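Engineer: There's a structure below that I have some questions on.
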Amino acid sequence: MRTLSYGSWPSPIDAALAAAHDGHPEFAGFVGDEAWWTEPRPTEGGRRTLVRRRADGTQESVLPAPWNVRSRVIEYGGQPWAGEMRPEGPFVVFVNFADQRLYAYEPGAEPRPLTPVSSVGGGLRWVDPQLRPERGEVWCVMEEFTGDGPTDVRRVAVAVPLDGSAAQDRGAVRELTGARHRFVTGPRLSPDGGQAAWLAWDHPRMPWDGTELILSDVTEDGTLHAPRVVAGGPEESIAQADWAADGTLLYAGDRTGWWNLYRLGRETPVCTREEEFGGPLWKIGYRWFAPLPSGLVAVVHGRGATALGILDPETGEVVDAAGPWTEFTPTLAVHGSRVLGVGASPRSAYEVVELDFRTGRARVIGAAHDDPVDAAYYPEPQIRTFTGPAGREIHAHVYPPHHPDHVAPGDELPPYVVWAHGGPTGRAPLVLDLEIAYFTSRGIGVAEVNYGGSAGHGREYRNRLREQWGVVDVEDCAAVAVALAEEGTADRRRLAIRGGSAGGWTAAASLTATDVYACGTIQYPILDLTGWGTGETHDFESQYLESLIGPLAEVPGRYVERSPAEHADRITAPFLLLQGLDDVICPPAQCERFLSRIAGRRVPHAYIAFEGEGHGFRRADTVVRALESELSLYAQVFGLNPPGIPTLELLK
């Protein structure tokens, strides 16, 4: 065991390795008996491909570059594909990211477009496709821009002909309901085809604030007739709805303060627990539960973490799948007795898991985790609960520095970086992340904070952030950082904060509002609330601040007071600002205004803008430069000596 100062330990986990393993599989489903899913390809321009697992266990990437299976509806997208097995082989429809058209694909032929292109604003986009072969259609959600502004948009459930007749003709796309609501999910048909159910909500609510479950009759000509609200409302969030085999409509609602599973027409949950059987609907088509033909229900559930289980709705009993996975994503699919999910753990990245509920056997069938380095270099995380202002609980994951062959001098305390997750209505899962290992294996600790407002701990915990964004999140992150220092875990003089999107906001707000941190890394952030709330972001979040900050018309001063861009003069700590130039959610203009107010103040900083990147970095070369630049910032501010890292030039 060799003794070296924190931050100078040599590590085999370099930025290129972390970048190559960035992202994870999503949107698993069945095509006949075959399992399919989407997978990231960071080294191929950050595209997502569609992966097929044949019955013999062989796998293939179905679509070569540059095909990119990803929707831009509400910018965050959602379920981008659907498929069925025909006698001649698989038939799949998918959304291509570059032009956002819906395509049909059959092996041996080039994908053919099913939808037209529009030159108006953001054009035409599609998500949550469901094949209706008996009608020769695919039903999905259409997002149609009606003007050049980000909020000039309508969304409606539609039927797209599978014969390609709508490829050049918008008029051939059949609207199923009319645009009654601002936001909708794809309609789910009852087993007898006589009814359809979907979710809808309107500004200023976000889907985790309040949604409505809508039920309608399906007429013989395939239109949705007499839609009516049957559950949900302004103060109840319904995250998902789906039909059981017996025609019962199930949904996950949070009227008790927790997303529990309900049968339509019954007031009590089928399984009453203070844990979540749903979550924030950031992407259209997320599935936390999937009814099985037997009447049982596959569920992703938990409190602060998620497990894959089988729920008996008659008894309320849940039996969880055995295995090493401690976290599952909301991407369930079922076929017969088989359940597909995507699971991970602190020692393994996300992989596609198949559970046979009859045998209880769970196994990895895709994107299998394969240690790219000796697992001894992985961090050993701790699940912690800290005490914040007013005695409130703060949930966090602490990743101390860890190396199999190196320790620091006994009188030295390690530097720590506080990570603030995005959303802010999201959470940091406890899973293997090579970006975290990139720092911990070099002797820099990481603390992921699930600050008040985070999902996974009930509605009351989420509601802590209502009108308190920029206060509660900042206070909670600071409380964790200070507590780590006071208990002797971290060096009080070498604390940093880092975050992207809403986490970038928290990082920037923390640098303007506290003196806890010696430096910070701010990625694709919100910096100017007034600008962001008056047309500088996309439609989905354009009124998010009404709940996070308060109504702009009533509290305009609050928007000014909390904006880092308005208080650039308060920043004295060095910082790194990273931004994608194609970002329409947190646009580069916010960074540019912020930097103009920093100019001349002699605060060491660096700004790196990446062409071809949007909201969140997907290209391997981008991730490499971002990680190495971040490490160089900490090296310069904390007095570290990481080997082999290019020096980031800090301007003053």
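Naming works like this for the structure tokens: A, B, ... for the chains as they're shown, residue 1 at the start of each chain, ligands 1 onward in shown order.
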With a distance cut-off of 10 Å and only C-alpha atoms, select the neighbouring residues of Arg593 in chain A, excluding the residue or stretch itself and same-chain residues fewer than 3 positions from it, and output the selection as a PyMOL selection string.
Structural biologist: chain A and resi 527-528+565-566+588-590+596-598
Engineer: Considering only C-alpha atoms, return as a list in words whatever protein or nucleic-acid residues lie within 7 Å of range 628-633 of chain A, sequence-local ones (same chain, fewer than 3 positions apart) excluded.
Structural biologist: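 Near neighbours after the sequence-gap exclusion: Ala15, Thr521, Leu576, Val624, Arg625, Gln636, Val637, Ile645, Pro646, Thr647 and Leu648 of chain A.
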Engineer: I need the residues from that last selection saved to file as a PDB file, in the first residue's frame (with C-alpha atoms), if you can.
Structural biologist:
```pdb
ATOM      1  CA  ALA A  15     -12.142   9.945 -18.883  1.00  0.00           C
ATOM      2  CA  THR A 521     -18.726  22.938 -11.902  1.00  0.00           C
ATOM      3  CA  LEU A 576     -16.163  25.828 -14.727  1.00  0.00           C
ATOM      4  CA  VAL A 624     -13.884  13.254 -21.981  1.00  0.00           C
ATOM      5  CA  ARG A 625     -13.166  16.951 -22.227  1.00  0.00           C
ATOM      6  CA  GLN A 636      -5.775  23.896  -9.359  1.00  0.00           C
ATOM      7  CA  VAL A 637      -8.099  25.051  -6.579  1.00  0.00           C
ATOM      8  CA  ILE A 645      -4.607  15.485 -16.930  1.00  0.00           C
ATOM      9  CA  PRO A 646      -4.492  18.459 -19.348  1.00  0.00           C
ATOM     10  CA  THR A 647      -4.426  21.783 -17.561  1.00  0.00           C
ATOM     11  CA  LEU A 648      -7.615  23.806 -17.850  1.00  0.00           C
TER      12      LEU A 648
END
```
Engineer: Can you work out the spacing between CA of Leu340 in chain A and CA of His397 in chain A in Å, to one decimal?
Structural biologist: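 Computed distance, CA of Leu340 in chain A to CA of His397 in chain A, equals 27.4 Å.
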Engineer: Measuring between only C-alpha atoms, which one of A:Glu44, A:Asp242, A:Asp217, A:Asp312 shows the shortest distance to Ala620 in chain A?
Structural biologist: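 The answer is A:Glu44, which sits nearest to Ala620 in chain A.
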Engineer: Per residue of range 175-275 of chain A within 12 Å of range 144-147 of chain A, what are the shortest atom pair and its distance in Å to one decimal, counting only C-alpha atoms, with rows by chain and residue number, as a Markdown table?
Structural biologist:
```
| residue | atom | partner | partner_atom | distance |
| --- | --- | --- | --- | --- |
| A:Glu175 | CA | A:Glu144 | CA | 11.7 |
| A:Ala179 | CA | A:Glu144 | CA | 10.4 |
| A:Arg182 | CA | A:Glu144 | CA | 11.3 |
| A:Phe183 | CA | A:Glu144 | CA | 11.8 |
```
Engineer: What lies within 7 Å of Thr572 in chain A using only C-alpha atoms, ignoring chain neighbours under 2 positions off, as an NGL selection string?
Structural biologist: :A and (570 or 574 or 603)
Engineer: Write out as number ranges by chain all residues of range 81-218 of chain A that backbone DSSP assigns to helix (DSSP H, G or I).
Structural biologist: A: 133-135, 170-172
Engineer: Could you save those same residues with all heavy atoms as a CSV table (one decimal), in the first residue's frame?
Structural biologist:
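That gives us part.csv:
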```csv
chain,number,residue,atom,x,y,z
A,133,PRO,N,-52.4,-3.3,-35.8
A,133,PRO,CA,-52.3,-4.0,-37.1
A,133,PRO,C,-53.7,-4.3,-37.7
A,133,PRO,O,-53.9,-4.3,-38.9
A,133,PRO,CB,-51.5,-5.3,-36.8
A,133,PRO,CG,-51.6,-5.5,-35.3
A,133,PRO,CD,-51.7,-4.1,-34.7
A,134,GLU,N,-54.7,-4.5,-36.8
A,134,GLU,CA,-56.0,-4.8,-37.3
A,134,GLU,C,-56.6,-3.6,-38.0
A,134,GLU,O,-57.5,-3.8,-38.9
A,134,GLU,CB,-56.9,-5.2,-36.1
A,134,GLU,CG,-57.4,-4.1,-35.2
A,134,GLU,CD,-56.3,-3.6,-34.2
A,134,GLU,OE1,-55.2,-4.2,-34.2
A,134,GLU,OE2,-56.6,-2.7,-33.4
A,135,ARG,N,-56.1,-2.4,-37.8
A,135,ARG,CA,-56.6,-1.2,-38.5
A,135,ARG,C,-55.5,-0.7,-39.5
A,135,ARG,O,-55.8,0.3,-40.1
A,135,ARG,CB,-56.9,-0.1,-37.5
A,135,ARG,CG,-58.0,-0.4,-36.5
A,135,ARG,CD,-58.5,0.9,-35.8
A,135,ARG,NE,-59.0,1.8,-36.8
A,135,ARG,CZ,-60.2,1.8,-37.3
A,135,ARG,NH1,-61.1,0.9,-36.9
A,135,ARG,NH2,-60.6,2.7,-38.2
A,170,ARG,N,-49.7,15.4,-44.3
A,170,ARG,CA,-50.2,15.6,-42.9
A,170,ARG,C,-51.7,15.3,-42.8
A,170,ARG,O,-52.1,14.8,-41.7
A,170,ARG,CB,-49.9,17.0,-42.5
A,170,ARG,CG,-50.6,17.5,-41.3
A,170,ARG,CD,-50.1,16.8,-40.0
A,170,ARG,NE,-50.8,17.3,-38.8
A,170,ARG,CZ,-52.0,16.9,-38.4
A,170,ARG,NH1,-52.7,16.0,-39.1
A,170,ARG,NH2,-52.6,17.4,-37.4
A,171,GLY,N,-52.4,15.5,-43.8
A,171,GLY,CA,-53.9,15.3,-43.7
A,171,GLY,C,-54.2,13.8,-43.6
A,171,GLY,O,-55.4,13.5,-43.2
A,172,ALA,N,-53.3,12.9,-43.9
A,172,ALA,CA,-53.6,11.5,-43.8
A,172,ALA,C,-53.4,11.0,-42.3
A,172,ALA,O,-53.7,9.8,-42.0
A,172,ALA,CB,-52.7,10.7,-44.7
```
Engineer: Show me, as a list of chain:residue names, the residues that have an atom within 8 Å of range 98-111 of chain A when counting only C-alpha atoms, minus same-chain residues fewer than 2 positions from it.
Structural biologist: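 Here the qualifying residues turn out to be A:Asn68, A:Ser71, A:Arg72, A:Gly89, A:Pro90, A:Phe91, A:Val92, A:Val93, A:Phe94, A:Val95, A:Asn96, A:Pro113, A:Leu114, A:Thr115, A:Pro116, A:Val117, A:Leu124, A:Arg125, A:Trp126, A:Leu162.
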Engineer: Export, as an mmCIF file, in the first residue's frame, the selected residues with C-alpha atoms.
Structural biologist:
```
data_model
loop_
_atom_site.group_PDB
_atom_site.id
_atom_site.type_symbol
_atom_site.label_atom_id
_atom_site.label_comp_id
_atom_site.auth_asym_id
_atom_site.auth_seq_id
_atom_site.Cartn_x
_atom_site.Cartn_y
_atom_site.Cartn_z
ATOM 1 C CA ASN A 68 -30.762 7.386 -33.865
ATOM 2 C CA SER A 71 -37.937 11.169 -29.706
ATOM 3 C CA ARG A 72 -37.916 14.895 -28.955
ATOM 4 C CA GLY A 89 -40.167 -11.565 -39.412
ATOM 5 C CA PRO A 90 -40.184 -8.536 -37.103
ATOM 6 C CA PHE A 91 -41.966 -5.329 -38.046
ATOM 7 C CA VAL A 92 -40.914 -2.247 -36.059
ATOM 8 C CA VAL A 93 -41.815 1.427 -36.088
ATOM 9 C CA PHE A 94 -39.412 3.936 -34.542
ATOM 10 C CA VAL A 95 -38.685 7.643 -34.241
ATOM 11 C CA ASN A 96 -35.465 8.883 -35.857
ATOM 12 C CA PRO A 113 -40.928 7.040 -43.477
ATOM 13 C CA LEU A 114 -44.496 6.950 -42.224
ATOM 14 C CA THR A 115 -44.905 10.624 -41.296
ATOM 15 C CA PRO A 116 -44.278 13.915 -43.073
ATOM 16 C CA VAL A 117 -41.870 16.753 -42.345
ATOM 17 C CA LEU A 124 -43.730 17.364 -36.277
ATOM 18 C CA ARG A 125 -42.673 14.900 -33.600
ATOM 19 C CA TRP A 126 -43.966 11.532 -32.390
ATOM 20 C CA LEU A 162 -48.706 1.927 -41.744
#
```
Engineer: With range 536-551 of chain A as the partner and 9 Å as the cut-off, tabulate the residues of range 133-243 of chain A that qualify, each row holding the nearest pair of atoms and their distance in Å to one decimal, using only C-alpha atoms, sorted by chain and rising number, as CSV.
Structural biologist:
```
residue,atom,partner,partner_atom,distance
A:Gly149,CA,A:His538,CA,8.9
A:Pro150,CA,A:His538,CA,5.2
A:Thr151,CA,A:Asp539,CA,4.7
A:Asp152,CA,A:Asp539,CA,8.1
A:Val153,CA,A:Asp539,CA,7.8
A:Phe183,CA,A:Phe540,CA,8.3
A:His203,CA,A:Gln543,CA,6.5
A:Pro204,CA,A:Gln543,CA,5.2
A:Arg205,CA,A:Tyr544,CA,7.3
A:Met206,CA,A:Tyr544,CA,6.7
```
Engineer: Those selected residues, please, written with N, CA and C atoms and delivered as a PDB file, in the first residue's frame.
Structural biologist:
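The file below, selection18.pdb, is the result:
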```pdb
ATOM      1  N   GLY A 149     -42.407  30.012 -32.092  1.00  0.00           N
ATOM      2  CA  GLY A 149     -42.089  30.096 -30.675  1.00  0.00           C
ATOM      3  C   GLY A 149     -42.068  28.738 -30.006  1.00  0.00           C
ATOM      4  N   PRO A 150     -41.333  28.594 -28.901  1.00  0.00           N
ATOM      5  CA  PRO A 150     -41.232  27.296 -28.227  1.00  0.00           C
ATOM      6  C   PRO A 150     -42.547  26.813 -27.640  1.00  0.00           C
ATOM      7  N   THR A 151     -43.489  27.723 -27.387  1.00  0.00           N
ATOM      8  CA  THR A 151     -44.778  27.313 -26.834  1.00  0.00           C
ATOM      9  C   THR A 151     -45.883  27.302 -27.884  1.00  0.00           C
ATOM     10  N   ASP A 152     -45.540  27.523 -29.146  1.00  0.00           N
ATOM     11  CA  ASP A 152     -46.521  27.423 -30.235  1.00  0.00           C
ATOM     12  C   ASP A 152     -46.634  25.961 -30.655  1.00  0.00           C
ATOM     13  N   VAL A 153     -47.355  25.192 -29.867  1.00  0.00           N
ATOM     14  CA  VAL A 153     -47.345  23.746 -30.061  1.00  0.00           C
ATOM     15  C   VAL A 153     -48.653  23.146 -29.558  1.00  0.00           C
ATOM     16  N   PHE A 183     -50.917  18.435 -22.678  1.00  0.00           N
ATOM     17  CA  PHE A 183     -50.020  17.281 -22.649  1.00  0.00           C
ATOM     18  C   PHE A 183     -50.843  16.008 -22.528  1.00  0.00           C
ATOM     19  N   HIS A 203     -50.828  23.241 -18.300  1.00  0.00           N
ATOM     20  CA  HIS A 203     -50.103  24.285 -17.567  1.00  0.00           C
ATOM     21  C   HIS A 203     -51.023  24.909 -16.517  1.00  0.00           C
ATOM     22  N   PRO A 204     -50.469  25.354 -15.379  1.00  0.00           N
ATOM     23  CA  PRO A 204     -49.048  25.358 -15.028  1.00  0.00           C
ATOM     24  C   PRO A 204     -48.581  24.097 -14.310  1.00  0.00           C
ATOM     25  N   ARG A 205     -49.413  23.060 -14.263  1.00  0.00           N
ATOM     26  CA  ARG A 205     -49.013  21.847 -13.537  1.00  0.00           C
ATOM     27  C   ARG A 205     -47.958  21.070 -14.312  1.00  0.00           C
ATOM     28  N   MET A 206     -47.083  20.441 -13.564  1.00  0.00           N
ATOM     29  CA  MET A 206     -46.199  19.424 -14.094  1.00  0.00           C
ATOM     30  C   MET A 206     -46.850  18.075 -13.799  1.00  0.00           C
TER      31      MET A 206
END
```
Engineer: From the set A:Trp288, A:Phe439, A:Phe357, A:Trp282, which residue has the shortest atom-to-atom contact distance to Ala322 in chain A, counting only C-alpha atoms?
Structural biologist: A:Phe357
Engineer: Using only C-alpha atoms, determine which residues lie at most 12 Å from Ala368 in chain A, disregarding the query and same-chain residues fewer than 3 positions distant; provide the list as a list in words.
Structural biologist: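 Returned residues: His21, His24, Pro25, Glu39, Gln59, Val342, Gly343, Ala344, Ser348, Ala349, Tyr350, Glu351, Val352, Val353, Glu354, Arg363, Val364, Ile365, Asp371 and Pro372 of chain A.
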Engineer: Those same residues - C-alpha atoms - I'd like them written as a PDB file, in the first residue's frame.
Structural biologist:
```pdb
ATOM      1  CA  HIS A  21     -19.787   3.643 -20.547  1.00  0.00           C
ATOM      2  CA  HIS A  24     -27.715   2.984 -20.191  1.00  0.00           C
ATOM      3  CA  PRO A  25     -30.310   0.792 -21.932  1.00  0.00           C
ATOM      4  CA  GLU A  39     -28.846   1.393 -26.115  1.00  0.00           C
ATOM      5  CA  GLN A  59     -27.808  -9.985 -30.156  1.00  0.00           C
ATOM      6  CA  VAL A 342     -33.453  -2.568 -16.584  1.00  0.00           C
ATOM      7  CA  GLY A 343     -31.584  -2.927 -13.304  1.00  0.00           C
ATOM      8  CA  ALA A 344     -28.306  -1.883 -11.699  1.00  0.00           C
ATOM      9  CA  SER A 348     -22.863  -3.006 -11.675  1.00  0.00           C
ATOM     10  CA  ALA A 349     -24.126  -0.650 -14.346  1.00  0.00           C
ATOM     11  CA  TYR A 350     -27.639  -0.880 -15.808  1.00  0.00           C
ATOM     12  CA  GLU A 351     -28.344  -4.097 -17.678  1.00  0.00           C
ATOM     13  CA  VAL A 352     -31.415  -5.704 -19.225  1.00  0.00           C
ATOM     14  CA  VAL A 353     -32.931  -8.216 -16.798  1.00  0.00           C
ATOM     15  CA  GLU A 354     -35.523 -10.890 -17.542  1.00  0.00           C
ATOM     16  CA  ARG A 363     -31.133 -13.298 -15.300  1.00  0.00           C
ATOM     17  CA  VAL A 364     -29.273 -10.747 -17.388  1.00  0.00           C
ATOM     18  CA  ILE A 365     -30.109 -11.027 -21.078  1.00  0.00           C
ATOM     19  CA  ASP A 371     -16.068  -4.766 -15.438  1.00  0.00           C
ATOM     20  CA  PRO A 372     -13.806  -2.677 -17.686  1.00  0.00           C
TER      21      PRO A 372
END
```
